[in-house]
Amino acid sequence: MALFSSLSERLNHIFSKMTKHGKLTALEIKEAMREIRVALLEADVNFKVAKDFIAKVSELAVGEEILKSLTPTQQVIKIVRDNLIELMGGENQKLNVSPKPPTIIMMCGLQGSGKTTMCGKLALKLKKEGKKPLLVACDIYRPAAIDQLKVLGKSIQIDVFERGTQNPVKTCKQALEYAEKFALDTVIIDTAGRLQIDEKLMDELKEIKKAINPTEILLVIDAMIGQEAVAVSTAFNDALDVTGVVLTKIDGDTRGGAALSIRSVIGKPIKFVGVGEKLTDLEPFYPDRMASRILGMGDVLTLIDKAQEAVDEKTAKEMERKFRENSFDLNDYIEQVNSLKKMGGLKSVLSMMPGIGGKLKQLEDQIDDKMLEKNKAIIQSMTAKERLDPSIINGSRRARIAKGAGVQVSDVNQLIKQFNQSKEMMRMMKNPKAYGGKMAMMRKLMGQ
Amino acid sequence: MGIFKKFFEKIKYAFTKTELNDDFYDELESVLISSDMGVETALDIMDELKSVCKSKLIKDVERAQVELKNILIENLHSVEPNFECPLVITVVGVNGVGKTTTIAKMTKFFQNKKKSVMLVAGDTFRAAATEQLSNWADRLKVKVVKQGEGADPASVVFDAISSAKAKKTDVLIVDTAGRLHTKVNLMKELEKINNIISREYPEAKRLNLIVLDASIGQNSIAQVKAFKDSVQIDGIVLTKLDGTAKGGVVYPIINELKVPIIFTGFGEGVDDLELFNPTSFVEKILM
């Protein structure tokens, strides 16, 4: 897998062979783009989309000045990343709302893309925003699909309208009457999954669209989809003229190249991403974050957001003071471990770090979340003085601590090493501004 | 070249060129990568084709096409499965690949072979998963062992094994929660299910199958790797081949992870499953 680290390494290798000069040459670009192309294809970007993209970016990159602050590798990645972002739509796009209620959101997509779960997530999000949503079960083919939506609806206390296996068009019309009667302002329709080449079922979607005229028609696509992304999104868009796309299952180690393929082929905005199995796991789509993911650069921006959510203002201020005074100690480390847990655990955080992403598997033995508990035990075996100033921990203290915590001395050494590293990392995370804003900080974290 | 051209049209285009020149190989590369086999595998296969053509002095595309087909078939390293009973089949895979439907189809497959089948509703996590399986079980007239939502799947499996032993059931098929392979706890749960079967039913033959969706790209490799870290994986069921997806990602999985394909699925009906046939799989790719 072409991780960002290895991509940068490969690019560095190319540029190190070249004589240094102020501008990127056509030859350098050509060699670099070969590596970028492999990275895109390994992220499942469609073959043709990758080819066109590379052609366009190569043209833009030739003759580009290498900025003083960047290396040629960084410069190339910056150009590629900027263009990826632009292609994926720049800014995040919000859900359309009908001026006259109800707003009707119709969900469609392949089997197994995660439509039903996404309906629940969307309904919950809208409910939290003060809307009164109604879920409509129109998947009359998959056994128990209606039950699934009902269970979901019940868990978030949102009405689910269903008429069993009656014709979905009829069910939709009745659902609208129901919504009007009970003053529900948003209607979310779950349709059956279908193959884009299944004409009969595609016709059914067209009929539903014609009958109820939805405000939004969202195409739900599994972020792990391969080269098929193009055929699928084109067919659904041709049939329904969709208004947007929702990517699901982005919480795996998927690189999500489909986002680029879909956006460049049908030109419709990606509005949301599903990031987990819980109904709260729904996020707006951020093209810049997706660009980093596709290039295997990790998702530092999401990480920063999560860090900001997990640490409350007061603790953060206190920490900041400690960082400023460089008095961050092991008691704070325990505090940090707890924050990490709130951010979804060490693995989740690491998976968003640049250059780690897919490598996580190899690291798994070392970063078992149990390790955090072990570290806690080690710290708790230290004296108050040692916790405040780990630098005083000498050989005999290490041996005593190891004995107290029931671990090896090497574990203690590792913890102290980690402590020093995390001190550095947390300092950057807590105070992005000091590092020239998020972007500059990300470059720093990229280690280039 | 239109981007939406079907695979077979592309390969035809590739083979309408009479000479095996760079254009030919460029086109072939696009065809292979478009099947989701990945850059590396595509390049390996092209290298293999180049060297075969060189050693056999093949210069025309027609003979090259025959060689390509042979190479693609050979690289599938297909094996004849052996379904000795009593058999416990544990079905794993991430969300939405079609595990439950596959279980229904396998039930029919074994019923056609005059075997008795019992199902185990081990997915106690997803809303209505048990209902979905029970629904199929009713239609196929087989027993399904289940508990409520949120129950410990290992305990459901335990119950099912006692029942299967008492009834001398030939094939016990265990459904498991669809899990993104990055969720450690759910993977641990799978290990536990596996251990229970080994402990409680050591005399049974085992077949752990991973269900993969043909439309998924390179992530399928990571999926198999992750499941392999938790439990032994004996084979693949490749689903959703009735679409236009080719499922070429199985190539790196077979060659690097040594997991063979056992079944392929191509529809939502209970009969839409067959034993893997490498020739027709490749022919679909090269159609």
# chains A, B, ... in the order shown; residues from 1 in each chain; ligands from 1
call {"tool": "interface_residues", "arguments": {"of": "chain A", "to": "chain B", "cutoff": "9 Å", "atoms": "only C-alpha atoms", "output": "ChimeraX atom specification"}}
result
/A:38,41-44,46-49,111-114,142-152,195-198,222-232,234,249,251-255,276-277,358,361
call {"tool": "residues_around", "arguments": {"residues": "Asn413 (chain A)", "least_positions_apart": "2", "cutoff": "12 Å", "atoms": "only C-alpha atoms", "output": "ChimeraX atom specification"}}
result
/A:375,378-379,390-391,393-395,397-399,401-402,407-411,415-420
call {"tool": "write_last_selection", "arguments": {"atoms": "C-alpha atoms", "output": "mmCIF file, in the first residue's frame"}}
result
data_model
loop_
_atom_site.group_PDB
_atom_site.id
_atom_site.type_symbol
_atom_site.label_atom_id
_atom_site.label_comp_id
_atom_site.auth_asym_id
_atom_site.auth_seq_id
_atom_site.Cartn_x
_atom_site.Cartn_y
_atom_site.Cartn_z
ATOM 1 C CA ASN A 375 1.065 2.811 31.321
ATOM 2 C CA ILE A 378 3.329 2.320 35.719
ATOM 3 C CA ILE A 379 2.618 5.966 36.410
ATOM 4 C CA PRO A 390 10.208 12.199 35.023
ATOM 5 C CA SER A 391 13.772 13.272 34.291
ATOM 6 C CA ILE A 393 13.875 8.607 37.122
ATOM 7 C CA ASN A 394 17.216 6.821 37.143
ATOM 8 C CA GLY A 395 18.058 3.124 36.856
ATOM 9 C CA ARG A 397 13.936 4.080 40.292
ATOM 10 C CA ARG A 398 13.039 2.395 37.017
ATOM 11 C CA ALA A 399 13.578 -1.030 38.554
ATOM 12 C CA ILE A 401 8.634 1.264 39.354
ATOM 13 C CA ALA A 402 8.675 -1.805 37.120
ATOM 14 C CA VAL A 407 6.031 -4.914 34.301
ATOM 15 C CA GLN A 408 9.503 -5.090 32.760
ATOM 16 C CA VAL A 409 11.984 -2.240 33.091
ATOM 17 C CA SER A 410 11.854 -1.921 29.311
ATOM 18 C CA ASP A 411 8.144 -1.082 29.628
ATOM 19 C CA LEU A 415 6.626 4.827 28.623
ATOM 20 C CA ILE A 416 9.097 7.580 29.403
ATOM 21 C CA LYS A 417 10.118 7.715 25.772
ATOM 22 C CA GLN A 418 6.480 7.845 24.717
ATOM 23 C CA PHE A 419 5.804 10.512 27.256
ATOM 24 C CA ASN A 420 8.447 12.702 25.723
#
call {"tool": "select_by_dssp", "arguments": {"residues": "region 190-240 of chain B", "states": "alpha helix (DSSP H)", "output": "list in words"}}
result
Leu190, Glu191, Lys192, Ile193, Asn194, Asn195, Ile196, Ile197, Ser198, Arg199, Glu200, Asn219, Ser220, Ile221, Ala222, Gln223, Val224, Lys225, Ala226, Phe227, Lys228, Asp229 and Ser230 of chain B
call {"tool": "write_last_selection", "arguments": {"atoms": "C-alpha atoms", "output": "compact mmCIF listing (two decimals), in the first residue's frame"}}
result
# COMPACT_ATOMS: atom_id res chain seq x y z
CA LEU B 190 -15.34 -13.56 16.32
CA GLU B 191 -12.32 -15.27 17.86
CA LYS B 192 -14.50 -16.27 20.76
CA ILE B 193 -17.14 -17.80 18.46
CA ASN B 194 -14.38 -19.69 16.70
CA ASN B 195 -12.97 -21.00 19.96
CA ILE B 196 -16.38 -22.16 21.16
CA ILE B 197 -16.86 -24.20 18.00
CA SER B 198 -13.40 -25.76 18.31
CA ARG B 199 -14.00 -26.63 21.95
CA GLU B 200 -17.60 -27.85 21.74
CA ASN B 219 -10.02 -2.46 0.58
CA SER B 220 -11.09 -6.09 0.18
CA ILE B 221 -7.43 -7.04 0.62
CA ALA B 222 -7.30 -5.25 3.96
CA GLN B 223 -10.55 -6.96 4.95
CA VAL B 224 -9.22 -10.46 4.34
CA LYS B 225 -5.94 -9.62 6.08
CA ALA B 226 -7.71 -8.33 9.16
CA PHE B 227 -10.06 -11.30 9.46
CA LYS B 228 -7.15 -13.66 8.91
CA ASP B 229 -5.44 -12.11 11.89
CA SER B 230 -8.37 -13.16 14.09
call {"tool": "residues_around", "arguments": {"residues": "region 22-29 of chain A", "least_positions_apart": "2", "cutoff": "6 Å", "atoms": "only C-alpha atoms", "output": "PyMOL selection string"}}
result
chain A and resi 31-33+62-66
call {"tool": "write_last_selection", "arguments": {"atoms": "N, CA and C atoms", "output": "PDB file, in the first residue's frame"}}
result
ATOM      1  N   GLU A  31       8.233  11.867 -13.723  1.00  0.00           N
ATOM      2  CA  GLU A  31       8.587  10.778 -12.809  1.00  0.00           C
ATOM      3  C   GLU A  31       7.740  10.823 -11.535  1.00  0.00           C
ATOM      4  N   ALA A  32       7.561  12.032 -11.033  1.00  0.00           N
ATOM      5  CA  ALA A  32       6.790  12.173  -9.798  1.00  0.00           C
ATOM      6  C   ALA A  32       5.342  11.746 -10.018  1.00  0.00           C
ATOM      7  N   MET A  33       4.796  12.120 -11.174  1.00  0.00           N
ATOM      8  CA  MET A  33       3.396  11.825 -11.451  1.00  0.00           C
ATOM      9  C   MET A  33       3.142  10.327 -11.579  1.00  0.00           C
ATOM     10  N   VAL A  62       4.387  21.887 -14.353  1.00  0.00           N
ATOM     11  CA  VAL A  62       5.613  22.201 -15.077  1.00  0.00           C
ATOM     12  C   VAL A  62       5.881  23.708 -15.019  1.00  0.00           C
ATOM     13  N   GLY A  63       7.098  24.034 -14.664  1.00  0.00           N
ATOM     14  CA  GLY A  63       7.479  25.438 -14.645  1.00  0.00           C
ATOM     15  C   GLY A  63       7.083  26.149 -13.373  1.00  0.00           C
ATOM     16  N   GLU A  64       6.416  25.432 -12.485  1.00  0.00           N
ATOM     17  CA  GLU A  64       5.999  26.036 -11.223  1.00  0.00           C
ATOM     18  C   GLU A  64       7.239  26.350 -10.381  1.00  0.00           C
ATOM     19  N   GLU A  65       7.246  27.524  -9.789  1.00  0.00           N
ATOM     20  CA  GLU A  65       8.354  27.886  -8.901  1.00  0.00           C
ATOM     21  C   GLU A  65       8.297  27.009  -7.657  1.00  0.00           C
ATOM     22  N   ILE A  66       9.442  26.604  -7.194  1.00  0.00           N
ATOM     23  CA  ILE A  66       9.437  25.892  -5.922  1.00  0.00           C
ATOM     24  C   ILE A  66       9.502  26.935  -4.819  1.00  0.00           C
TER      25      ILE A  66
END
call {"tool": "residues_around", "arguments": {"residues": "Thr165 (chain A)", "least_positions_apart": "5", "cutoff": "10 Å", "atoms": "only C-alpha atoms", "output": "ChimeraX atom specification"}}
result
/A:137-141,146,171
call {"tool": "residues_around", "arguments": {"residues": "Ile221 (chain A)", "least_positions_apart": "3", "cutoff": "7 Å", "atoms": "only C-alpha atoms", "output": "list in words"}}
result
Gly109, Ser113, Val246, Leu247 and Thr248 of chain A
call {"tool": "write_last_selection", "arguments": {"atoms": "C-alpha atoms", "output": "short mmCIF file (atom, residue, chain, number, x, y, z; two decimals), in the first residue's frame"}}
result
data_model
loop_
_atom_site.label_atom_id
_atom_site.label_comp_id
_atom_site.auth_asym_id
_atom_site.auth_seq_id
_atom_site.Cartn_x
_atom_site.Cartn_y
_atom_site.Cartn_z
CA GLY A 109 -27.96 3.18 -4.06
CA SER A 113 -24.12 0.49 0.57
CA VAL A 246 -23.33 10.34 0.64
CA LEU A 247 -20.24 8.22 1.26
CA THR A 248 -20.59 5.50 3.86
#
call {"tool": "select_by_dssp", "arguments": {"residues": "region 145-348 of chain A", "states": "strand (DSSP E or B)", "output": "number ranges by chain"}}
result
A: 160-161, 163, 165, 186-191, 216-222, 225, 244-248, 270-274, 282-284
call {"tool": "write_last_selection", "arguments": {"atoms": "N, CA and C atoms", "output": "mmCIF file, in the first residue's frame"}}
result
data_model
loop_
_atom_site.group_PDB
_atom_site.id
_atom_site.type_symbol
_atom_site.label_atom_id
_atom_site.label_comp_id
_atom_site.auth_asym_id
_atom_site.auth_seq_id
_atom_site.Cartn_x
_atom_site.Cartn_y
_atom_site.Cartn_z
ATOM 1 N N VAL A 160 -41.613 5.939 12.001
ATOM 2 C CA VAL A 160 -41.313 5.226 10.769
ATOM 3 C C VAL A 160 -42.629 4.884 10.093
ATOM 4 N N PHE A 161 -42.782 5.353 8.869
ATOM 5 C CA PHE A 161 -43.996 5.091 8.120
ATOM 6 C C PHE A 161 -43.765 3.888 7.217
ATOM 7 N N ARG A 163 -45.950 0.571 4.917
ATOM 8 C CA ARG A 163 -47.171 -0.098 4.481
ATOM 9 C C ARG A 163 -46.804 -1.474 3.959
ATOM 10 N N THR A 165 -45.333 -4.533 2.140
ATOM 11 C CA THR A 165 -44.745 -4.685 0.814
ATOM 12 C C THR A 165 -45.628 -4.077 -0.282
ATOM 13 N N THR A 186 -39.749 17.036 7.592
ATOM 14 C CA THR A 186 -38.728 16.412 6.752
ATOM 15 C C THR A 186 -39.060 14.938 6.566
ATOM 16 N N VAL A 187 -39.122 14.506 5.326
ATOM 17 C CA VAL A 187 -39.461 13.117 5.047
ATOM 18 C C VAL A 187 -38.254 12.442 4.406
ATOM 19 N N ILE A 188 -37.779 11.373 5.053
ATOM 20 C CA ILE A 188 -36.604 10.661 4.532
ATOM 21 C C ILE A 188 -37.046 9.294 4.030
ATOM 22 N N ILE A 189 -36.823 9.054 2.744
ATOM 23 C CA ILE A 189 -37.312 7.821 2.137
ATOM 24 C C ILE A 189 -36.187 6.828 1.899
ATOM 25 N N ASP A 190 -36.331 5.651 2.512
ATOM 26 C CA ASP A 190 -35.359 4.573 2.332
ATOM 27 C C ASP A 190 -35.853 3.687 1.200
ATOM 28 N N THR A 191 -35.107 3.617 0.118
ATOM 29 C CA THR A 191 -35.523 2.765 -0.999
ATOM 30 C C THR A 191 -34.711 1.469 -0.988
ATOM 31 N N GLU A 216 -34.198 16.534 -2.213
ATOM 32 C CA GLU A 216 -32.851 15.974 -2.348
ATOM 33 C C GLU A 216 -32.974 14.519 -2.785
ATOM 34 N N ILE A 217 -32.179 14.137 -3.770
ATOM 35 C CA ILE A 217 -32.038 12.715 -4.081
ATOM 36 C C ILE A 217 -30.582 12.380 -3.814
ATOM 37 N N LEU A 218 -30.346 11.650 -2.748
ATOM 38 C CA LEU A 218 -28.971 11.367 -2.349
ATOM 39 C C LEU A 218 -28.571 9.956 -2.756
ATOM 40 N N LEU A 219 -27.478 9.882 -3.471
ATOM 41 C CA LEU A 219 -26.939 8.586 -3.861
ATOM 42 C C LEU A 219 -25.982 8.120 -2.764
ATOM 43 N N VAL A 220 -26.312 6.965 -2.183
ATOM 44 C CA VAL A 220 -25.487 6.448 -1.089
ATOM 45 C C VAL A 220 -24.467 5.467 -1.660
ATOM 46 N N ILE A 221 -23.202 5.752 -1.427
ATOM 47 C CA ILE A 221 -22.152 4.896 -1.997
ATOM 48 C C ILE A 221 -21.154 4.482 -0.915
ATOM 49 N N ASP A 222 -20.826 3.199 -0.930
ATOM 50 C CA ASP A 222 -19.832 2.643 -0.033
ATOM 51 C C ASP A 222 -18.465 3.227 -0.411
ATOM 52 N N ILE A 225 -15.882 1.303 -2.479
ATOM 53 C CA ILE A 225 -16.164 0.840 -3.843
ATOM 54 C C ILE A 225 -14.922 1.011 -4.730
ATOM 55 N N GLY A 244 -27.061 14.918 -4.819
ATOM 56 C CA GLY A 244 -25.850 14.827 -4.016
ATOM 57 C C GLY A 244 -25.499 13.383 -3.718
ATOM 58 N N VAL A 245 -24.352 13.214 -3.065
ATOM 59 C CA VAL A 245 -23.826 11.886 -2.784
ATOM 60 C C VAL A 245 -23.504 11.784 -1.297
ATOM 61 N N VAL A 246 -23.735 10.601 -0.733
ATOM 62 C CA VAL A 246 -23.328 10.339 0.644
ATOM 63 C C VAL A 246 -22.372 9.153 0.619
ATOM 64 N N LEU A 247 -21.199 9.321 1.192
ATOM 65 C CA LEU A 247 -20.241 8.216 1.256
ATOM 66 C C LEU A 247 -20.353 7.534 2.608
ATOM 67 N N THR A 248 -20.463 6.215 2.597
ATOM 68 C CA THR A 248 -20.590 5.504 3.863
ATOM 69 C C THR A 248 -19.346 4.672 4.142
ATOM 70 N N ILE A 270 -20.565 15.838 -2.836
ATOM 71 C CA ILE A 270 -20.661 14.837 -1.782
ATOM 72 C C ILE A 270 -21.030 15.616 -0.525
ATOM 73 N N LYS A 271 -22.154 15.263 0.083
ATOM 74 C CA LYS A 271 -22.644 16.100 1.176
ATOM 75 C C LYS A 271 -22.281 15.578 2.557
ATOM 76 N N PHE A 272 -22.312 14.267 2.723
ATOM 77 C CA PHE A 272 -22.000 13.705 4.047
ATOM 78 C C PHE A 272 -21.113 12.479 3.923
ATOM 79 N N VAL A 273 -20.462 12.157 5.035
ATOM 80 C CA VAL A 273 -19.778 10.878 5.114
ATOM 81 C C VAL A 273 -20.202 10.161 6.389
ATOM 82 N N GLY A 274 -20.442 8.876 6.260
ATOM 83 C CA GLY A 274 -20.752 8.043 7.421
ATOM 84 C C GLY A 274 -19.440 7.507 7.961
ATOM 85 N N LEU A 282 -21.973 10.627 11.795
ATOM 86 C CA LEU A 282 -22.225 11.263 10.503
ATOM 87 C C LEU A 282 -21.487 12.596 10.501
ATOM 88 N N GLU A 283 -20.747 12.855 9.440
ATOM 89 C CA GLU A 283 -20.001 14.116 9.366
ATOM 90 C C GLU A 283 -20.240 14.781 8.021
ATOM 91 N N PRO A 284 -20.113 16.110 7.968
ATOM 92 C CA PRO A 284 -20.149 16.765 6.663
ATOM 93 C C PRO A 284 -18.931 16.312 5.852
#
